[in-house]
file my_file-v6.cif (mmCIF, C-alpha atoms and all ligand atoms)
data_query
loop_
_atom_site.label_atom_id
_atom_site.label_comp_id
_atom_site.auth_asym_id
_atom_site.auth_seq_id
_atom_site.Cartn_x
_atom_site.Cartn_y
_atom_site.Cartn_z
CA MET B 104 -32.56 37.58 21.32
CA LYS B 105 -33.80 36.15 18.06
CA ILE B 106 -31.05 34.84 15.81
CA GLY B 107 -31.75 33.92 12.20
CA ILE B 108 -29.70 31.20 10.51
CA THR B 109 -29.59 30.72 6.78
CA GLY B 110 -27.33 29.48 4.00
CA GLY B 111 -27.62 28.00 0.52
CA ILE B 112 -29.11 24.61 -0.19
CA GLY B 113 -27.01 21.88 1.40
CA SER B 114 -24.75 24.33 3.24
CA GLY B 115 -25.42 22.52 6.53
CA LYS B 116 -27.95 24.78 8.27
CA SER B 117 -29.78 21.86 9.86
CA THR B 118 -26.51 20.20 10.85
CA VAL B 119 -25.32 23.41 12.55
CA CYS B 120 -28.71 23.87 14.24
CA ARG B 121 -28.52 20.39 15.71
CA ILE B 122 -25.29 21.41 17.47
CA PHE B 123 -27.03 24.49 18.93
CA GLU B 124 -29.86 22.18 20.07
CA VAL B 125 -27.35 19.96 21.87
CA LEU B 126 -26.34 23.12 23.76
CA GLY B 127 -29.97 23.51 24.83
CA ILE B 128 -30.92 26.29 22.40
CA PRO B 129 -34.43 26.04 20.92
CA VAL B 130 -34.50 26.03 17.11
CA TYR B 131 -37.52 26.89 14.97
CA TYR B 132 -37.18 25.09 11.62
CA ALA B 133 -39.27 27.49 9.55
CA ASP B 134 -39.24 25.53 6.28
CA ASP B 135 -40.32 22.28 7.96
CA ARG B 136 -42.92 24.13 9.98
CA ALA B 137 -44.27 25.84 6.83
CA LYS B 138 -44.77 22.42 5.24
CA TRP B 139 -46.59 21.20 8.34
CA LEU B 140 -48.83 24.28 8.50
CA MET B 141 -49.74 23.93 4.81
CA SER B 142 -51.33 20.59 5.64
CA ASN B 143 -52.59 21.22 9.16
CA ASP B 144 -53.56 24.86 9.61
CA GLU B 145 -57.25 24.92 8.64
CA LYS B 146 -57.31 28.58 7.63
CA LEU B 147 -54.17 28.23 5.52
CA VAL B 148 -55.44 25.02 3.90
CA GLY B 149 -58.68 26.84 2.97
CA SER B 150 -56.78 29.76 1.44
CA ILE B 151 -54.53 27.42 -0.57
CA ILE B 152 -57.61 25.63 -1.96
CA ASP B 153 -59.09 29.04 -2.88
CA LEU B 154 -55.88 29.89 -4.75
CA PHE B 155 -55.12 26.59 -6.50
CA GLY B 156 -58.39 24.66 -6.42
CA GLU B 157 -59.31 21.33 -4.84
CA ASN B 158 -56.42 19.55 -6.63
CA ALA B 159 -54.01 21.28 -4.25
CA TYR B 160 -54.78 18.44 -1.82
CA SER B 161 -55.17 14.78 -2.46
CA GLN B 162 -58.24 13.20 -0.96
CA PRO B 163 -58.71 11.61 1.47
CA GLY B 164 -56.41 12.89 4.20
CA ASN B 165 -55.83 16.43 3.02
CA ILE B 166 -52.27 15.72 1.93
CA LEU B 167 -50.70 18.67 0.15
CA ASN B 168 -50.14 17.91 -3.52
CA ARG B 169 -46.64 19.37 -3.70
CA ALA B 170 -45.85 18.40 -7.28
CA PHE B 171 -49.10 20.00 -8.51
CA ILE B 172 -48.37 23.28 -6.72
CA ALA B 173 -44.68 23.28 -7.62
CA ASP B 174 -45.56 22.87 -11.31
CA ILE B 175 -47.83 25.90 -11.19
CA VAL B 176 -45.62 28.27 -9.22
CA PHE B 177 -42.46 27.32 -11.11
CA ASN B 178 -43.67 29.22 -14.17
CA ASP B 179 -46.11 31.69 -12.60
CA LYS B 180 -44.49 34.38 -10.48
CA GLU B 181 -47.82 35.92 -9.46
CA LYS B 182 -49.10 32.62 -8.10
CA LEU B 183 -45.80 32.14 -6.27
CA SER B 184 -46.11 35.60 -4.67
CA ALA B 185 -49.74 34.89 -3.75
CA LEU B 186 -48.71 31.58 -2.13
CA ASN B 187 -45.90 33.29 -0.21
CA ALA B 188 -48.33 36.00 0.93
CA LEU B 189 -50.45 33.25 2.51
CA VAL B 190 -47.69 31.08 3.96
CA HIS B 191 -45.29 33.72 5.32
CA PRO B 192 -47.77 35.40 7.72
CA ALA B 193 -48.98 31.98 8.91
CA VAL B 194 -45.40 30.89 9.65
CA TRP B 195 -44.64 34.25 11.26
CA GLN B 196 -47.63 33.95 13.60
CA ASP B 197 -46.73 30.36 14.42
CA GLY B 198 -43.14 31.47 15.11
CA GLU B 199 -44.36 34.17 17.48
CA SER B 200 -46.35 31.61 19.51
CA TRP B 201 -43.28 29.38 19.53
CA ASN B 202 -41.12 32.29 20.76
CA GLU B 203 -43.58 32.90 23.58
CA VAL B 204 -43.16 29.30 24.71
CA HIS B 205 -39.36 29.70 24.67
CA LYS B 206 -39.18 33.22 26.07
CA ASN B 207 -36.94 32.14 28.95
CA ALA B 208 -34.21 30.77 26.69
CA PRO B 209 -31.09 32.99 26.52
CA TYR B 210 -31.70 33.21 22.77
CA THR B 211 -33.56 31.30 20.06
CA LEU B 212 -32.68 30.36 16.50
CA LYS B 213 -34.88 30.50 13.43
CA GLU B 214 -33.61 28.41 10.53
CA ALA B 215 -34.83 29.13 6.98
CA ALA B 216 -33.25 28.74 3.55
CA LEU B 217 -34.62 32.04 2.19
CA LEU B 218 -34.46 34.28 5.24
CA PHE B 219 -32.66 37.08 3.35
CA GLU B 220 -34.64 36.60 0.14
CA SER B 221 -37.99 36.83 2.00
CA GLY B 222 -36.95 39.88 4.04
CA GLY B 223 -37.45 37.85 7.23
CA HIS B 224 -33.97 38.89 8.41
CA HIS B 225 -35.37 42.33 9.29
CA LEU B 226 -37.28 40.66 12.12
CA MET B 227 -34.16 39.07 13.60
CA ASP B 228 -31.70 40.61 16.05
CA LYS B 229 -28.71 38.96 14.41
CA MET B 230 -28.13 36.83 11.33
CA ILE B 231 -25.82 33.85 10.78
CA THR B 232 -25.10 32.40 7.37
CA VAL B 233 -23.57 28.97 6.88
CA PHE B 234 -21.03 28.94 4.08
CA THR B 235 -19.94 25.83 2.19
CA PRO B 236 -18.22 25.82 -1.22
CA LYS B 237 -20.64 25.21 -4.09
CA GLU B 238 -19.05 21.95 -5.30
CA THR B 239 -19.25 20.44 -1.81
CA ARG B 240 -22.90 21.48 -1.50
CA ILE B 241 -23.73 19.91 -4.87
CA GLU B 242 -22.08 16.62 -3.87
CA ARG B 243 -23.79 16.53 -0.46
CA VAL B 244 -27.27 17.32 -1.79
CA MET B 245 -26.98 14.81 -4.67
CA LYS B 246 -26.13 12.16 -2.09
CA ARG B 247 -28.74 13.25 0.48
CA ASP B 248 -31.67 13.74 -1.94
CA GLU B 249 -30.60 11.16 -4.55
CA CYS B 250 -30.98 13.75 -7.29
CA THR B 251 -28.98 14.99 -10.28
CA LYS B 252 -26.49 17.84 -10.41
CA GLU B 253 -28.86 19.73 -12.72
CA GLU B 254 -31.66 19.51 -10.14
CA VAL B 255 -29.38 20.90 -7.43
CA LEU B 256 -28.21 23.70 -9.72
CA ALA B 257 -31.83 24.62 -10.54
CA ARG B 258 -32.62 24.94 -6.82
CA MET B 259 -29.43 26.94 -6.24
CA GLY B 260 -30.41 29.29 -9.08
CA LYS B 261 -33.40 30.47 -7.08
CA GLN B 262 -31.27 31.48 -4.09
CA MET B 263 -29.22 34.59 -3.36
CA PRO B 264 -25.51 34.11 -4.17
CA ASP B 265 -23.35 33.09 -1.19
CA GLU B 266 -21.18 36.20 -1.38
CA GLU B 267 -24.22 38.45 -0.90
CA LYS B 268 -25.41 36.36 2.04
CA LYS B 269 -21.98 36.62 3.65
CA GLU B 270 -22.03 40.40 3.28
CA MET B 271 -25.49 40.71 4.79
CA ALA B 272 -24.87 38.35 7.72
CA ASP B 273 -23.51 39.38 11.11
CA PHE B 274 -21.70 36.05 11.47
CA VAL B 275 -20.48 33.39 9.02
CA ILE B 276 -20.07 29.73 9.97
CA TYR B 277 -17.68 27.92 7.60
CA ASN B 278 -18.75 24.33 6.98
CA ASP B 279 -15.99 23.57 4.50
CA GLY B 280 -14.21 20.72 6.24
CA GLU B 281 -11.30 23.02 7.17
CA HIS B 282 -12.86 24.86 10.11
CA SER B 283 -14.20 23.07 13.18
CA LEU B 284 -17.98 23.33 13.12
CA ILE B 285 -18.33 22.60 16.83
CA GLN B 286 -15.74 25.23 17.79
CA GLN B 287 -17.45 27.91 15.68
CA VAL B 288 -20.85 27.10 17.17
CA LEU B 289 -19.41 27.14 20.70
CA THR B 290 -17.78 30.55 20.16
CA LEU B 291 -21.03 32.06 18.90
CA HIS B 292 -23.07 30.38 21.63
CA GLN B 293 -20.84 31.83 24.34
CA ALA B 294 -21.05 35.32 22.81
CA PHE B 295 -24.86 35.17 22.52
CA VAL B 296 -25.30 33.89 26.08
CA LYS B 297 -23.00 36.63 27.36
CA GLN B 298 -24.96 39.25 25.43
CA ALA B 299 -28.29 37.93 26.74
CA PHE B 300 -26.94 37.95 30.29
CA THR B 301 -25.62 41.54 29.91
CA LYS B 302 -29.03 42.66 28.56
CA ASP B 303 -30.81 41.08 31.54
CA THR B 304 -28.39 42.66 34.01
CA ASN B 305 -28.88 46.09 32.43
CA LYS B 306 -32.67 45.67 32.70
CA GLY B 307 -32.06 45.34 36.46
P1 LIG U 401 -31.23 22.35 2.85
O1 LIG U 401 -31.07 23.79 2.52
O2 LIG U 401 -31.31 21.52 1.62
O3 LIG U 401 -32.32 22.07 3.84
P2 LIG U 401 -29.15 22.32 4.87
O4 LIG U 401 -28.44 23.61 4.64
O5 LIG U 401 -30.03 22.24 6.05
O6 LIG U 401 -29.86 21.84 3.55
P3 LIG U 401 -27.94 19.88 5.81
O7 LIG U 401 -29.14 19.03 5.51
O8 LIG U 401 -27.61 20.16 7.22
O9 LIG U 401 -27.98 21.22 4.97
O10 LIG U 401 -26.64 19.26 5.13
C1 LIG U 401 -26.68 18.80 3.78
C2 LIG U 401 -26.05 17.40 3.71
O11 LIG U 401 -24.66 17.51 3.96
C3 LIG U 401 -26.62 16.45 4.77
O12 LIG U 401 -26.69 15.16 4.22
C4 LIG U 401 -25.57 16.51 5.88
O13 LIG U 401 -25.53 15.31 6.64
C5 LIG U 401 -24.28 16.73 5.10
N1 LIG U 401 -23.29 17.51 5.84
C6 LIG U 401 -23.48 18.72 6.41
N2 LIG U 401 -22.35 19.16 7.00
C7 LIG U 401 -21.42 18.21 6.78
C8 LIG U 401 -20.04 18.06 7.13
N3 LIG U 401 -19.38 19.01 7.80
N4 LIG U 401 -19.40 16.96 6.72
C9 LIG U 401 -20.05 16.00 6.02
N5 LIG U 401 -21.34 16.06 5.66
C10 LIG U 401 -22.03 17.15 6.03
#
call {"tool": "encode", "arguments": {"input": "my_file-v6.cif", "output": "structure tokens"}}
result
Amino acid sequence: MKIGITGGIGSGKSTVCRIFEVLGIPVYYADDRAKWLMSNDEKLVGSIIDLFGENAYSQPGNILNRAFIADIVFNDKEKLSALNALVHPAVWQDGESWNEVHKNAPYTLKEAALLFESGGHHLMDKMITVFTPKETRIERVMKRDECTKEEVLARMGKQMPDEEKKEMADFVIYNDGEHSLIQQVLTLHQAFVKQAFTKDTNKG
């Protein structure tokens, strides 16, 4: 079973995933992996240079020039789509290889901030969204990233509203300080393991 986990910026996706990892569940951090592939996957690096020019990487060391790319795609939707069309298949392929390595796990998790927005949820068996009130997310991200409220709001503006994510998800984890995070993860974990076990038994 492939479970997708998403949620708005600062909702606590990574925090929740770390609890699943403690339970022995493999987690694929798609956004971190995408960043890694953009600097280390030769074919992808070549395509990014074709799209943005040599300035996309600082020399020497082939370090991705994030600020340069971000500046371009922020105001150019076509370039953003073209970049996504390069990165998404590369991450998908990488994720498939990763799944193969973890095929004996009862289930795996794929964590990504824009899993609904990118349509990636269609490739998952179930979807979880982590919900945290907006004000709490703003406070947490300002503290974590040492940035301004305006910067957090700008990043939030590019994401699907929480209410839509909650409607589209199969499960919601509330990270609002009122519900126990560990208890919610444990309940889901037990249900997923049971489902995986039932599937295996039915296969004979
Ligand atoms: P992003 O979308 O930006 O990658 P995220 O959804 O993965 O963020 P986290 O990085 O897990 O979110 O959490 C955001 C910040 O809030 C982190 O600094 C984290 O330590 C903190 N945080 C998360 N959950 C809680 C909680 N229940 N109580 C206190 N702090 C929390």
call {"tool": "atom_distance", "arguments": {"input": "my_file-v6.cif", "atom1": "atom CA of Val233 of chain B", "atom2": "atom O4 of ligand LIG 401 (chain U)"}}
result
7.6 Å
call {"tool": "residues_around", "arguments": {"input": "my_file-v6.cif", "residues": "Phe274 of chain B", "least_positions_apart": "6", "cutoff": "8 Å", "atoms": "only C-alpha atoms", "output": "JSON, numbers by chain"}}
result
{"B": [230, 231, 232]}
call {"tool": "write_last_selection", "arguments": {"input": "my_file-v6.cif", "atoms": "C-alpha atoms", "output": "PDB file, in the frame of the given file"}}
result
ATOM      1  CA  MET B 230     -28.130  36.830  11.330  1.00  0.00           C
ATOM      2  CA  ILE B 231     -25.820  33.850  10.780  1.00  0.00           C
ATOM      3  CA  THR B 232     -25.100  32.400   7.370  1.00  0.00           C
TER       4      THR B 232
END
call {"tool": "axis_aligned_box", "arguments": {"input": "my_file-v6.cif", "around": "segment 129-136 of chain B", "padding_each_side": "5 Å", "output": "JSON"}}
result
{"center_x": -38.7, "center_y": 24.9, "center_z": 13.6, "size_x": 18.5, "size_y": 15.2, "size_z": 24.6}
call {"tool": "closest_residue", "arguments": {"input": "my_file-v6.cif", "among": "B:Asn207, B:Ser161, B:Thr118, B:Thr235", "to": "Val288 of chain B", "atoms": "only C-alpha atoms"}}
result
B:Thr118
call {"tool": "residues_near_ligand", "arguments": {"input": "my_file-v6.cif", "ligand": "ligand LIG 401 (chain U)", "cutoff": "10 Å", "atoms": "only C-alpha atoms and all ligand atoms", "output": "PyMOL selection string"}}
result
chain B and resi 108-121+132+134-135+214-217+232-235+239-248+255+258-259+277-285
call {"tool": "atom_distance", "arguments": {"input": "my_file-v6.cif", "atom1": "atom CA of Phe219 of chain B", "atom2": "atom CA of Phe171 of chain B"}}
result
26.5 Å
call {"tool": "decode", "arguments": {"input": "my_file-v6.cif", "residues": "segment 242-256 of chain B", "atoms": "all heavy atoms", "output": "short mmCIF file (atom, residue, chain, number, x, y, z; two decimals), in the first residue's frame"}}
result
data_model
loop_
_atom_site.label_atom_id
_atom_site.label_comp_id
_atom_site.auth_asym_id
_atom_site.auth_seq_id
_atom_site.Cartn_x
_atom_site.Cartn_y
_atom_site.Cartn_z
N GLU B 242 3.22 31.02 12.81
CA GLU B 242 4.17 31.18 13.93
C GLU B 242 5.31 30.17 13.85
O GLU B 242 6.47 30.51 14.02
CB GLU B 242 3.43 30.95 15.26
CG GLU B 242 2.77 32.17 15.83
CD GLU B 242 1.91 31.81 17.03
OE1 GLU B 242 2.29 30.89 17.78
OE2 GLU B 242 0.85 32.43 17.18
N ARG B 243 4.95 28.90 13.59
CA ARG B 243 5.96 27.84 13.57
C ARG B 243 6.96 28.03 12.43
O ARG B 243 8.16 27.82 12.61
CB ARG B 243 5.28 26.46 13.44
CG ARG B 243 4.62 26.03 14.74
CD ARG B 243 3.97 24.67 14.59
NE ARG B 243 3.25 24.29 15.81
CZ ARG B 243 2.39 23.29 15.89
NH1 ARG B 243 2.13 22.57 14.82
NH2 ARG B 243 1.78 23.01 17.01
N VAL B 244 6.46 28.41 11.26
CA VAL B 244 7.37 28.57 10.10
C VAL B 244 8.26 29.80 10.29
O VAL B 244 9.46 29.76 9.98
CB VAL B 244 6.59 28.64 8.77
CG1 VAL B 244 7.52 28.91 7.60
CG2 VAL B 244 5.83 27.34 8.53
N MET B 245 7.69 30.89 10.84
CA MET B 245 8.51 32.09 11.08
C MET B 245 9.67 31.75 11.99
O MET B 245 10.80 32.19 11.78
CB MET B 245 7.65 33.20 11.71
CG MET B 245 6.75 33.92 10.71
SD MET B 245 5.59 35.04 11.53
CE MET B 245 6.69 36.26 12.20
N LYS B 246 9.38 30.93 13.00
CA LYS B 246 10.42 30.54 13.97
C LYS B 246 11.41 29.58 13.31
O LYS B 246 12.63 29.75 13.42
CB LYS B 246 9.73 29.85 15.15
CG LYS B 246 10.56 29.77 16.39
CD LYS B 246 9.71 29.36 17.57
CE LYS B 246 10.57 28.72 18.64
NZ LYS B 246 9.80 27.96 19.60
N ARG B 247 10.89 28.58 12.59
CA ARG B 247 11.77 27.55 11.99
C ARG B 247 12.66 28.14 10.91
O ARG B 247 13.85 27.87 10.86
CB ARG B 247 10.91 26.42 11.39
CG ARG B 247 11.73 25.27 10.84
CD ARG B 247 10.91 24.33 9.97
NE ARG B 247 10.39 25.02 8.80
CZ ARG B 247 9.53 24.48 7.93
NH1 ARG B 247 9.07 23.28 8.12
NH2 ARG B 247 9.13 25.17 6.88
N ASP B 248 12.08 28.96 10.01
CA ASP B 248 12.83 29.46 8.85
C ASP B 248 13.39 30.86 9.05
O ASP B 248 13.98 31.43 8.13
CB ASP B 248 11.94 29.44 7.59
CG ASP B 248 11.50 28.02 7.23
OD1 ASP B 248 12.05 27.07 7.83
OD2 ASP B 248 10.62 27.87 6.37
N GLU B 249 13.14 31.43 10.23
CA GLU B 249 13.57 32.81 10.52
C GLU B 249 13.17 33.75 9.39
O GLU B 249 14.00 34.42 8.76
CB GLU B 249 15.09 32.85 10.76
CG GLU B 249 15.48 32.11 12.02
CD GLU B 249 16.97 32.11 12.27
OE1 GLU B 249 17.70 32.78 11.53
OE2 GLU B 249 17.40 31.44 13.23
N CYS B 250 11.86 33.73 9.06
CA CYS B 250 11.39 34.58 7.98
C CYS B 250 10.21 35.42 8.47
O CYS B 250 9.76 35.28 9.61
CB CYS B 250 10.99 33.73 6.78
SG CYS B 250 9.68 32.57 7.15
N THR B 251 9.71 36.30 7.59
CA THR B 251 8.62 37.20 7.99
C THR B 251 7.26 36.55 7.74
O THR B 251 7.15 35.59 6.97
CB THR B 251 8.68 38.52 7.20
OG1 THR B 251 8.43 38.20 5.81
CG2 THR B 251 10.02 39.22 7.33
N LYS B 252 6.26 37.13 8.36
CA LYS B 252 4.88 36.65 8.17
C LYS B 252 4.50 36.75 6.69
O LYS B 252 3.86 35.86 6.14
CB LYS B 252 3.94 37.51 9.04
CG LYS B 252 2.51 37.07 8.98
CD LYS B 252 1.66 37.82 9.99
CE LYS B 252 0.22 37.32 9.90
NZ LYS B 252 -0.67 37.93 10.87
N GLU B 253 4.91 37.85 6.06
CA GLU B 253 4.57 38.07 4.64
C GLU B 253 5.16 36.95 3.78
O GLU B 253 4.51 36.48 2.83
CB GLU B 253 5.10 39.43 4.15
CG GLU B 253 4.33 40.63 4.67
CD GLU B 253 4.43 40.80 6.19
OE1 GLU B 253 5.50 40.53 6.76
OE2 GLU B 253 3.41 41.19 6.81
N GLU B 254 6.38 36.54 4.10
CA GLU B 254 7.01 35.46 3.31
C GLU B 254 6.25 34.15 3.47
O GLU B 254 6.04 33.41 2.51
CB GLU B 254 8.49 35.29 3.73
CG GLU B 254 9.39 36.37 3.15
CD GLU B 254 10.78 36.42 3.82
OE1 GLU B 254 10.91 36.06 5.01
OE2 GLU B 254 11.71 36.84 3.15
N VAL B 255 5.79 33.88 4.69
CA VAL B 255 5.02 32.65 4.92
C VAL B 255 3.71 32.73 4.15
O VAL B 255 3.30 31.78 3.47
CB VAL B 255 4.74 32.41 6.43
CG1 VAL B 255 4.04 31.07 6.63
CG2 VAL B 255 6.01 32.46 7.24
N LEU B 256 3.04 33.89 4.23
CA LEU B 256 1.75 34.06 3.55
C LEU B 256 1.90 33.89 2.04
O LEU B 256 1.03 33.31 1.38
CB LEU B 256 1.14 35.42 3.88
CG LEU B 256 0.62 35.58 5.31
CD1 LEU B 256 0.20 37.02 5.59
CD2 LEU B 256 -0.56 34.63 5.56
#
